[in-house]
$ cat start37.cif   # mmCIF, C-alpha atoms and all ligand atoms
data_model
loop_
_atom_site.label_atom_id
_atom_site.label_comp_id
_atom_site.auth_asym_id
_atom_site.auth_seq_id
_atom_site.Cartn_x
_atom_site.Cartn_y
_atom_site.Cartn_z
CA MET A 1 58.52 52.59 94.21
CA LYS A 2 55.71 50.91 96.12
CA PHE A 3 53.14 48.54 94.65
CA GLU A 4 50.39 51.08 95.45
CA GLU A 5 51.99 53.54 93.02
CA VAL A 6 52.04 51.20 90.04
CA SER A 7 49.65 51.94 87.18
CA PHE A 8 49.84 52.10 83.39
CA ASP A 9 48.48 54.92 81.24
CA LEU A 10 47.90 55.62 77.56
CA ASP A 11 51.51 56.70 77.09
CA ASP A 12 52.51 53.19 78.09
CA LYS A 13 50.05 51.75 75.56
CA ASN A 14 51.35 54.00 72.80
CA LEU A 15 54.92 53.05 73.59
CA PHE A 16 54.29 49.72 71.90
CA LEU A 17 53.48 51.65 68.71
CA VAL A 18 56.65 53.77 68.77
CA ASP A 19 58.77 53.17 65.65
CA ASP A 20 62.11 53.83 67.32
CA LEU A 21 63.08 50.31 68.49
CA LYS A 22 65.92 51.50 70.70
CA LEU A 23 63.65 53.95 72.50
CA ARG A 24 61.02 51.27 72.95
CA ALA A 25 63.57 48.82 74.38
CA GLU A 26 65.00 51.45 76.76
CA ALA A 27 61.53 52.44 77.93
CA ILE A 28 60.67 48.79 78.60
CA ARG A 29 63.93 48.34 80.47
CA HIS A 30 63.74 51.49 82.61
CA SER A 31 60.04 52.07 83.04
CA ILE A 32 57.80 49.14 82.09
CA LEU A 33 59.79 46.15 83.44
CA PRO A 34 60.50 47.74 86.85
CA ARG A 35 56.75 48.19 87.34
CA LEU A 36 55.99 44.61 86.22
CA GLU A 37 58.66 43.37 88.63
CA ILE A 38 57.08 45.30 91.50
CA ILE A 39 53.73 43.62 90.71
CA THR A 40 55.48 40.22 90.60
CA ASN A 41 57.33 40.72 93.89
CA HIS A 42 54.15 41.93 95.56
CA SER A 43 52.33 38.82 94.26
CA ILE A 44 55.11 36.54 95.51
CA SER A 45 55.07 37.93 99.03
CA LEU A 46 51.26 37.69 99.24
CA THR A 47 51.38 34.13 97.85
CA ASN A 48 54.01 33.12 100.44
CA GLU A 49 51.90 34.60 103.19
CA ARG A 50 48.65 33.05 102.08
CA PHE A 51 49.92 29.52 101.42
CA LYS A 52 52.63 29.49 104.11
CA ILE A 53 55.27 28.48 101.57
CA ASN A 54 58.38 29.81 99.91
CA VAL A 55 57.40 30.27 96.27
CA LEU A 56 61.04 30.64 95.23
CA GLU A 57 61.94 27.08 96.23
CA LEU A 58 60.62 25.71 92.93
CA SER A 59 60.16 28.94 90.99
CA THR A 60 62.25 31.79 89.76
CA VAL A 61 61.35 35.35 88.75
CA LEU A 62 61.10 35.58 84.97
CA LYS A 63 61.67 38.74 82.97
CA PHE A 64 61.11 39.46 79.34
CA PRO A 65 63.10 40.98 77.76
CA ASN A 66 66.03 40.06 79.96
CA PHE A 67 68.45 42.79 78.76
CA ARG A 68 71.80 41.24 79.44
CA LYS A 69 74.32 44.04 79.27
CA THR A 70 76.66 41.98 77.11
CA ARG A 71 74.12 41.74 74.32
CA ALA A 72 73.78 45.11 72.64
CA LYS A 73 71.50 43.56 70.00
CA GLU A 74 68.74 43.18 72.58
CA PHE A 75 68.06 46.89 72.11
CA ASP A 76 67.35 46.55 68.39
CA ILE A 77 64.52 44.04 68.68
CA ASP A 78 60.92 44.86 67.83
CA TYR A 79 59.41 44.15 71.26
CA THR A 80 55.63 43.97 71.22
CA ARG A 81 55.27 43.07 74.90
CA SER A 82 57.08 42.96 78.22
CA GLU A 83 56.57 40.33 80.86
CA ALA A 84 57.47 39.45 84.46
CA GLY A 85 56.31 36.63 86.67
CA LEU A 86 57.07 33.16 87.94
CA GLY A 87 58.48 30.19 86.08
CA GLY A 88 59.97 26.84 87.06
CA LYS A 89 63.51 27.16 88.41
CA ARG A 90 66.40 26.51 86.06
CA ASN A 91 67.80 23.47 87.83
CA VAL A 92 68.07 20.05 86.23
CA GLU A 93 68.17 18.35 89.67
CA LEU A 94 64.67 19.59 90.51
CA TRP A 95 62.96 18.10 87.46
CA LYS A 96 64.81 14.83 87.06
CA SER A 97 61.67 12.74 87.53
CA MET A 98 60.53 14.03 84.11
CA LEU A 99 62.04 13.15 80.77
CA LYS A 100 62.10 14.98 77.49
CA LYS A 101 61.45 13.10 74.26
CA ASN A 102 65.22 12.86 73.72
CA GLY A 103 65.52 10.94 77.02
CA GLU A 104 67.16 13.75 79.02
CA PRO A 105 65.70 15.47 82.06
CA PRO A 106 64.63 19.06 81.34
CA MET A 107 66.74 21.99 82.51
CA ILE A 108 63.65 24.13 82.88
CA ILE A 109 60.00 23.25 83.27
CA PRO A 110 58.01 25.44 80.90
CA PHE A 111 55.15 26.39 83.22
CA SER A 112 54.71 30.04 84.03
CA LEU A 113 52.45 32.46 85.81
CA THR A 114 53.15 35.93 84.48
CA PHE A 115 52.01 39.51 84.06
CA SER A 116 52.36 40.74 80.52
CA LEU A 117 51.99 44.28 79.20
CA ASP A 118 51.34 45.00 75.54
CA GLU A 119 49.30 47.30 73.34
CA ASP A 120 46.06 45.65 74.51
CA GLY A 121 46.68 46.04 78.22
CA LEU A 122 47.93 44.14 81.24
CA SER A 123 47.31 40.40 81.22
CA PHE A 124 47.75 37.64 83.70
CA PHE A 125 48.85 34.40 82.02
CA PHE A 126 49.10 30.79 83.04
CA LEU A 127 51.07 28.91 80.41
CA SER A 128 51.75 25.22 80.43
CA ASN A 129 53.97 24.55 77.52
CA ARG A 130 54.44 20.80 77.63
CA TYR A 131 55.53 19.97 74.11
CA ASN A 132 58.99 18.66 74.92
CA LEU A 133 58.01 16.04 77.51
CA THR A 134 57.25 12.38 76.78
CA MET A 135 53.62 11.36 76.53
CA LYS A 136 53.99 9.35 79.75
CA ASP A 137 55.07 12.43 81.68
CA ASN A 138 52.41 14.57 80.05
CA SER A 139 49.79 12.06 81.18
CA LEU A 140 50.60 13.03 84.77
CA PHE A 141 49.24 16.50 84.09
CA TYR A 142 46.19 15.24 82.25
CA ASP A 143 45.46 12.83 85.12
CA PHE A 144 45.82 15.69 87.59
CA HIS A 145 43.27 17.75 85.66
CA LEU A 146 40.84 14.85 85.46
CA LYS A 147 41.20 13.97 89.15
CA TYR A 148 40.74 17.55 90.39
CA ALA A 149 38.31 18.71 87.70
CA ASP A 150 35.84 20.32 90.12
CA GLU A 151 38.47 22.01 92.28
CA ILE A 152 40.21 23.43 89.22
CA ALA A 153 36.95 24.60 87.69
CA ASN A 154 36.16 26.43 90.95
CA LEU A 155 39.53 28.14 91.04
CA VAL A 156 39.21 29.17 87.41
CA ASN A 157 35.72 30.57 88.00
CA GLU A 158 36.88 32.34 91.14
CA SER A 159 39.81 34.00 89.40
CA LYS A 160 37.86 35.25 86.35
CA VAL A 161 40.57 34.05 84.00
CA SER A 162 39.37 32.24 80.95
CA LEU A 163 40.60 29.29 79.04
CA GLN A 164 41.84 30.52 75.70
CA LYS A 165 41.12 28.83 72.42
CA TYR A 166 43.12 25.77 71.65
CA TYR A 167 44.68 25.21 68.31
CA ALA A 168 45.15 21.60 67.36
CA LYS A 169 47.47 20.55 64.62
CA GLU A 170 45.79 18.59 61.89
CA ASN A 171 47.44 17.76 58.58
CA ASP A 172 50.08 20.43 59.02
CA SER A 173 47.57 23.19 59.62
CA TYR A 174 46.31 24.57 62.91
CA LYS A 175 42.65 24.93 63.57
CA ILE A 176 40.46 25.66 66.54
CA HIS A 177 39.12 22.54 68.11
CA PRO A 178 35.42 22.91 68.88
CA PHE A 179 35.65 21.43 72.35
CA ILE A 180 32.78 21.78 74.75
CA CYS A 181 34.62 21.85 78.03
CA PHE A 182 38.14 21.63 79.34
CA ILE A 183 37.86 18.01 80.47
CA ASP A 184 36.51 16.86 77.11
CA TYR A 185 39.33 18.70 75.49
CA LEU A 186 41.95 17.01 77.70
CA LYS A 187 40.53 13.54 77.10
CA TRP A 188 40.49 14.17 73.38
CA GLN A 189 44.08 15.42 73.48
CA ARG A 190 45.26 12.39 75.39
CA ASP A 191 43.45 9.99 73.07
CA ILE A 192 45.04 11.38 69.93
CA GLU A 193 48.38 12.14 71.63
CA ILE A 194 48.40 15.72 70.44
CA LEU A 195 50.29 18.12 72.64
CA ASP A 196 49.76 21.79 72.19
CA LEU A 197 49.74 24.90 74.26
CA PRO A 198 46.76 25.46 76.51
CA TYR A 199 46.73 28.71 78.37
CA PHE A 200 44.58 30.82 80.63
CA SER A 201 44.54 34.58 80.68
CA ARG A 202 42.70 37.77 81.48
CA THR A 203 43.45 41.25 80.19
CA ILE A 204 42.79 44.68 81.71
CA LYS A 205 42.51 47.49 79.19
CA TYR A 206 44.21 50.91 79.42
CA PRO A 207 44.31 53.09 81.44
CA ILE A 208 45.12 50.55 84.15
CA SER A 209 44.61 51.73 87.72
CA ASN A 210 46.33 50.31 90.77
CA ASN A 211 42.97 48.96 92.02
CA GLU A 212 42.58 46.92 88.86
CA ILE A 213 46.13 45.62 89.17
CA GLU A 214 45.32 44.57 92.72
CA LEU A 215 42.42 42.48 91.39
CA LEU A 216 44.72 40.83 88.89
CA VAL A 217 47.18 40.06 91.70
CA SER A 218 44.45 38.39 93.73
CA GLU A 219 43.58 36.31 90.66
CA PHE A 220 47.23 35.35 90.38
CA ILE A 221 47.07 34.11 93.99
CA THR A 222 43.79 32.28 93.41
CA PHE A 223 45.28 30.57 90.37
CA TYR A 224 48.60 29.82 92.05
CA PRO A 225 47.57 26.36 93.47
CA ILE A 226 47.16 25.02 89.91
CA TYR A 227 50.59 26.26 88.86
CA ASP A 228 52.06 24.96 92.14
CA SER A 229 50.54 21.53 91.43
CA TYR A 230 52.22 21.44 88.01
CA LEU A 231 55.60 22.19 89.57
CA ARG A 232 55.14 19.63 92.33
CA LEU A 233 54.18 16.96 89.80
CA ALA A 234 57.22 17.85 87.71
CA SER A 235 59.50 17.58 90.74
CA GLY A 236 58.10 14.11 91.54
CA ASN A 237 56.08 15.17 94.58
CA SER A 238 52.43 14.99 95.44
CA VAL A 239 50.26 18.02 94.90
CA LEU A 240 48.96 20.23 97.72
CA LEU A 241 45.90 21.45 95.84
CA ASN A 242 43.28 20.75 98.50
CA GLU A 243 45.49 22.05 101.33
CA GLN A 244 46.11 25.26 99.41
CA ILE A 245 42.44 25.69 98.55
CA GLY A 246 41.74 25.28 102.27
CA LEU A 247 44.22 28.08 103.11
CA LEU A 248 42.67 30.26 100.43
CA LYS A 249 39.22 29.78 101.98
CA ASP A 250 40.54 30.52 105.50
CA TRP A 251 42.09 33.73 104.26
CA PHE A 252 38.90 34.70 102.46
CA ILE A 253 36.79 34.19 105.58
CA ASN A 254 39.30 36.13 107.71
CA SER A 255 39.38 39.04 105.28
CA ILE A 256 35.58 39.31 105.36
CA ASP A 257 35.70 39.39 109.19
CA GLU A 258 38.37 42.09 109.09
CA GLU A 259 36.33 44.13 106.68
CA LYS A 260 33.32 43.90 109.00
CA SER A 261 35.29 45.05 112.04
CA SER A 262 36.92 47.91 110.14
CA LEU A 263 33.45 49.19 109.24
CA ASP A 264 32.77 49.65 112.96
CA GLU A 265 35.88 51.79 113.49
CA PRO A 266 35.77 55.50 112.72
CA THR A 267 37.82 56.22 109.59
CA LYS A 268 41.09 57.99 110.21
CA LYS A 269 42.29 60.33 107.54
CA ASP A 270 45.85 61.44 107.07
CA ASN A 271 45.68 65.03 105.85
CA SER A 272 49.20 65.24 104.53
CA HIS A 273 48.67 62.02 102.59
CA GLN A 274 45.48 63.45 101.09
CA GLU A 275 47.32 66.59 100.08
CA ILE A 276 49.97 64.60 98.24
CA ASN A 277 47.23 62.67 96.45
CA LEU A 278 45.57 65.91 95.38
CA LEU A 279 48.90 67.19 94.09
CA LYS A 280 49.38 63.99 92.16
CA LEU A 281 45.91 64.28 90.71
CA ALA A 282 46.62 67.85 89.58
CA GLU A 283 49.92 66.68 88.09
CA ALA A 284 48.21 63.87 86.23
CA LYS A 285 45.94 66.32 84.43
CA ILE A 286 48.95 67.79 82.69
CA LYS A 287 49.54 65.08 80.16
CA VAL A 288 52.61 64.89 78.03
CA MET A 289 51.86 63.99 74.43
CA PRO A 290 52.32 60.27 73.76
CA ALA A 291 55.90 59.28 73.07
CA LEU A 292 57.17 62.77 74.00
CA ARG A 293 57.55 61.50 77.56
CA TRP A 294 59.75 58.68 76.31
CA GLN A 295 61.74 61.12 74.19
CA VAL A 296 62.48 63.21 77.26
CA PHE A 297 63.70 60.14 79.15
CA GLN A 298 65.75 59.04 76.17
CA ARG A 299 67.41 62.46 75.80
CA ASP A 300 68.23 62.51 79.54
CA ASN A 301 69.65 58.97 79.38
CA TRP A 302 66.95 57.53 81.64
CA ARG A 303 68.38 59.36 84.66
CA CYS A 304 67.08 62.01 87.03
CA VAL A 305 68.81 65.19 85.85
CA SER A 306 68.96 66.46 89.43
CA CYS A 307 70.41 63.54 91.41
CA GLY A 308 71.48 61.16 88.64
CA ARG A 309 69.56 58.17 89.94
CA THR A 310 68.13 55.55 87.57
CA THR A 311 65.36 52.98 88.06
CA ASP A 312 68.10 50.58 89.20
CA ASN A 313 68.10 52.68 92.39
CA GLY A 314 64.42 51.96 93.00
CA ILE A 315 63.08 55.36 91.92
CA VAL A 316 60.43 56.25 89.34
CA LEU A 317 61.17 58.64 86.53
CA HIS A 318 58.81 61.56 85.97
CA VAL A 319 58.62 64.17 83.25
CA ASP A 320 58.78 67.63 84.79
CA HIS A 321 57.66 70.89 83.16
CA ILE A 322 60.54 73.35 83.68
CA ILE A 323 58.17 76.29 83.26
CA PRO A 324 54.71 75.13 84.43
CA ARG A 325 51.83 75.24 81.98
CA SER A 326 50.02 77.63 84.30
CA LYS A 327 52.91 80.10 83.77
CA GLY A 328 52.87 79.73 80.01
CA GLY A 329 55.22 76.76 79.72
CA GLN A 330 55.07 75.03 76.36
CA ASP A 331 54.45 71.35 75.60
CA HIS A 332 57.79 71.15 73.94
CA LEU A 333 60.78 68.87 74.45
CA ASP A 334 62.91 71.82 75.63
CA ASN A 335 60.47 72.56 78.43
CA TYR A 336 60.70 69.08 79.89
CA GLN A 337 63.26 67.39 82.08
CA THR A 338 63.55 63.98 83.71
CA LEU A 339 63.21 63.98 87.50
CA CYS A 340 62.93 61.07 89.92
CA ASP A 341 59.92 60.95 92.25
CA ILE A 342 62.02 62.18 95.19
CA CYS A 343 63.42 65.25 93.42
CA ASN A 344 60.05 65.92 91.77
CA ILE A 345 58.25 66.23 95.11
CA GLY A 346 60.96 68.60 96.34
CA LYS A 347 60.53 70.91 93.35
CA SER A 348 57.64 73.35 93.67
CA ASN A 349 55.83 75.18 90.88
CA LYS A 350 57.74 78.37 91.75
CA ASP A 351 61.03 76.63 91.14
CA GLN A 352 61.60 76.91 87.42
CA THR A 353 65.18 75.72 87.39
CA ASN A 354 66.32 73.97 84.28
CA LEU A 355 68.40 71.38 86.09
CA ARG A 356 69.56 69.85 82.85
CA GLU A 357 71.36 73.07 81.84
CA ARG A 358 72.65 73.74 85.33
CA ASN A 359 74.30 70.33 85.50
ZN ZN A 401 66.41 62.75 91.60
#
$ encode --input "start37.cif" --output "structure tokens"
Amino acid sequence: MKFEEVSFDLDDKNLFLVDDLKLRAEAIRHSILPRLEIITNHSISLTNERFKINVLELSTVLKFPNFRKTRAKEFDIDYTRSEAGLGGKRNVELWKSMLKKNGEPPMIIPFSLTFSLDEDGLSFFFLSNRYNLTMKDNSLFYDFHLKYADEIANLVNESKVSLQKYYAKENDSYKIHPFICFIDYLKWQRDIEILDLPYFSRTIKYPISNNEIELLVSEFITFYPIYDSYLRLASGNSVLLNEQIGLLKDWFINSIDEEKSSLDEPTKKDNSHQEINLLKLAEAKIKVMPALRWQVFQRDNWRCVSCGRTTDNGIVLHVDHIIPRSKGGQDHLDNYQTLCDICNIGKSNKDQTNLRERN
């Protein structure tokens, strides 16, 4: 599956309301997570390109849930979201300039830049969960924010993410601190030595088109220099914030120039491509009832009934009407089968083979 094909519809939203926990977990594993991973990988390659770096030197690709095959229990959990993105690498050598409160260097650095899907929509998150570090090490991050206040504010404004409410612990209860701006908040936090969980996020509501996902990816890239600075500080290096902002600006100017020159060229249209898009559009009008789609996948063991491929083979699962609606086919479980995108394109409306029975 290509990035351009990734989107999320109301069936995906409703999945998070499905009572059957096993079905929900399987759907996340075979359908939701693969799409979130495609968005993440696409973001990584664009980030590498734009900042001329290798993102995976300090970071690793995070997945939630992780679904280790040895842990059958992971399929009985009430998952309310699924997530993929970047987090600090699991390598104690990398972060040994930092110390936890117990005096040991951390195995992982809890900063992450992720895409999260839940009932509300698709969100982009920057989390900086610093609670386990000593106050001295935490001060490094506060100092960074104070030193680069303007640059960070610009990046935040540019990327449309917003600073979420902070909850400060006071007398064993959490309450929202009425801070005026981020810097005031940081100074206040440092003064009273309270460490909590600041985060930035933005959410796109369902149905989520590929164009909207593309915007979220560009916000991920715009926000990346802040996350990168956190990791560099944690690995005992100096930050590259201004250099990276410079590269971001260069890219922005170049992309405007490219857009201008493409306006001068006559637009070329690929007819066959258009035809496929029209077919897809027609397909999309035939909506399977919420959850029924997941039931079909579940019954067919999350495999294409024609070729046997699963999402592990890089395909996308589709629900196919055995007898098309136009020919009187019913919206019933028996009239559906699971096909991968490749087999689905090969099957025309005239072909009413029930591949599930044949196999
Ligand atoms: Zn197939």
$ closest_atom_pairs --input "start37.cif" --of "chain A" --to "ligand ZN 401 (chain A)" --cutoff "8 Å" --atoms "all atoms listed in the file" --output "Markdown table"
| residue | atom | partner | partner_atom | distance |
| --- | --- | --- | --- | --- |
| A:Arg303 | CA | A:ZN401 | ZN | 8.0 |
| A:Cys304 | CA | A:ZN401 | ZN | 4.7 |
| A:Val305 | CA | A:ZN401 | ZN | 6.7 |
| A:Ser306 | CA | A:ZN401 | ZN | 5.0 |
| A:Cys307 | CA | A:ZN401 | ZN | 4.1 |
| A:Gly308 | CA | A:ZN401 | ZN | 6.1 |
| A:Arg309 | CA | A:ZN401 | ZN | 5.8 |
| A:Leu339 | CA | A:ZN401 | ZN | 5.3 |
| A:Cys340 | CA | A:ZN401 | ZN | 4.2 |
| A:Asp341 | CA | A:ZN401 | ZN | 6.8 |
| A:Ile342 | CA | A:ZN401 | ZN | 5.7 |
| A:Cys343 | CA | A:ZN401 | ZN | 4.3 |
| A:Asn344 | CA | A:ZN401 | ZN | 7.1 |
$ atom_distance --input "start37.cif" --atom1 "atom CA of A:Tyr79" --atom2 "atom CA of A:Val316"
21.8 Å
$ atom_distance --input "start37.cif" --atom1 "atom CA of A:Leu248" --atom2 "atom CA of A:Arg50"
6.8 Å
$ closest_residue --input "start37.cif" --among "A:Asp120, A:Glu104, A:Glu158, A:Asp257" --to "A:Phe223" --atoms "only C-alpha atoms"
A:Glu158
$ closest_residue --input "start37.cif" --among "A:Met1, A:Leu216, A:Leu36, A:Ala149" --to "A:Ser116" --atoms "all atoms listed in the file"
A:Leu36
$ closest_residue --input "start37.cif" --among "A:Asp250, A:Asp312, A:Glu49, A:Glu119" --to "A:Phe8" --atoms "all atoms listed in the file"
A:Glu119
$ residues_around --input "start37.cif" --residues "A:Pro34" --least-positions-apart "6" --cutoff "10 Å" --atoms "only C-alpha atoms" --output "MDAnalysis selection string"
chainID A and resid 1 6 28 40 63 84 311:312 314:316
$ closest_residue --input "start37.cif" --among "A:Trp95, A:Tyr148, A:Tyr336, A:Phe64" --to "A:Ser235" --atoms "all atoms listed in the file"
A:Trp95
$ closest_residue --input "start37.cif" --among "A:Trp302, A:Phe51, A:Phe220, A:Tyr206" --to "A:Phe126" --atoms "all atoms listed in the file"
A:Phe220
$ closest_residue --input "start37.cif" --among "A:Gln244, A:Asp300, A:Trp294, A:Glu5" --to "A:Tyr227" --atoms "only C-alpha atoms"
A:Gln244
$ residues_around --input "start37.cif" --residues "A:Asp228" --least-positions-apart "4" --cutoff "9 Å" --atoms "all atoms listed in the file" --output "number ranges by chain"
A: 55, 58, 223-224, 232-233, 239-241
$ atom_distance --input "start37.cif" --atom1 "atom CA of A:Arg356" --atom2 "atom CA of A:Ser326"
21.1 Å
$ residues_around --input "start37.cif" --residues "A:Gly88" --least-positions-apart "3" --cutoff "9 Å" --atoms "only C-alpha atoms" --output "list of chain:residue names"
A:Leu58, A:Ser59, A:Thr60, A:Val61, A:Asn91, A:Ile108, A:Ile109, A:Pro110, A:Phe111, A:Ser112, A:Leu231
$ residues_around --input "start37.cif" --residues "A:Ala72" --least-positions-apart "5" --cutoff "12 Å" --atoms "only C-alpha atoms" --output "list in words"
Lys22, Ala25, Glu26, Asn66, Phe67 and Ile77 of chain A
$ residues_around --input "start37.cif" --residues "stretch 97-102 of chain A" --least-positions-apart "2" --cutoff "8 Å" --atoms "all atoms listed in the file" --output "list in words"
Trp95, Glu104, Pro105, Pro106, Asn132, Leu133, Thr134, Asp137, Ala234, Ser235 and Gly236 of chain A
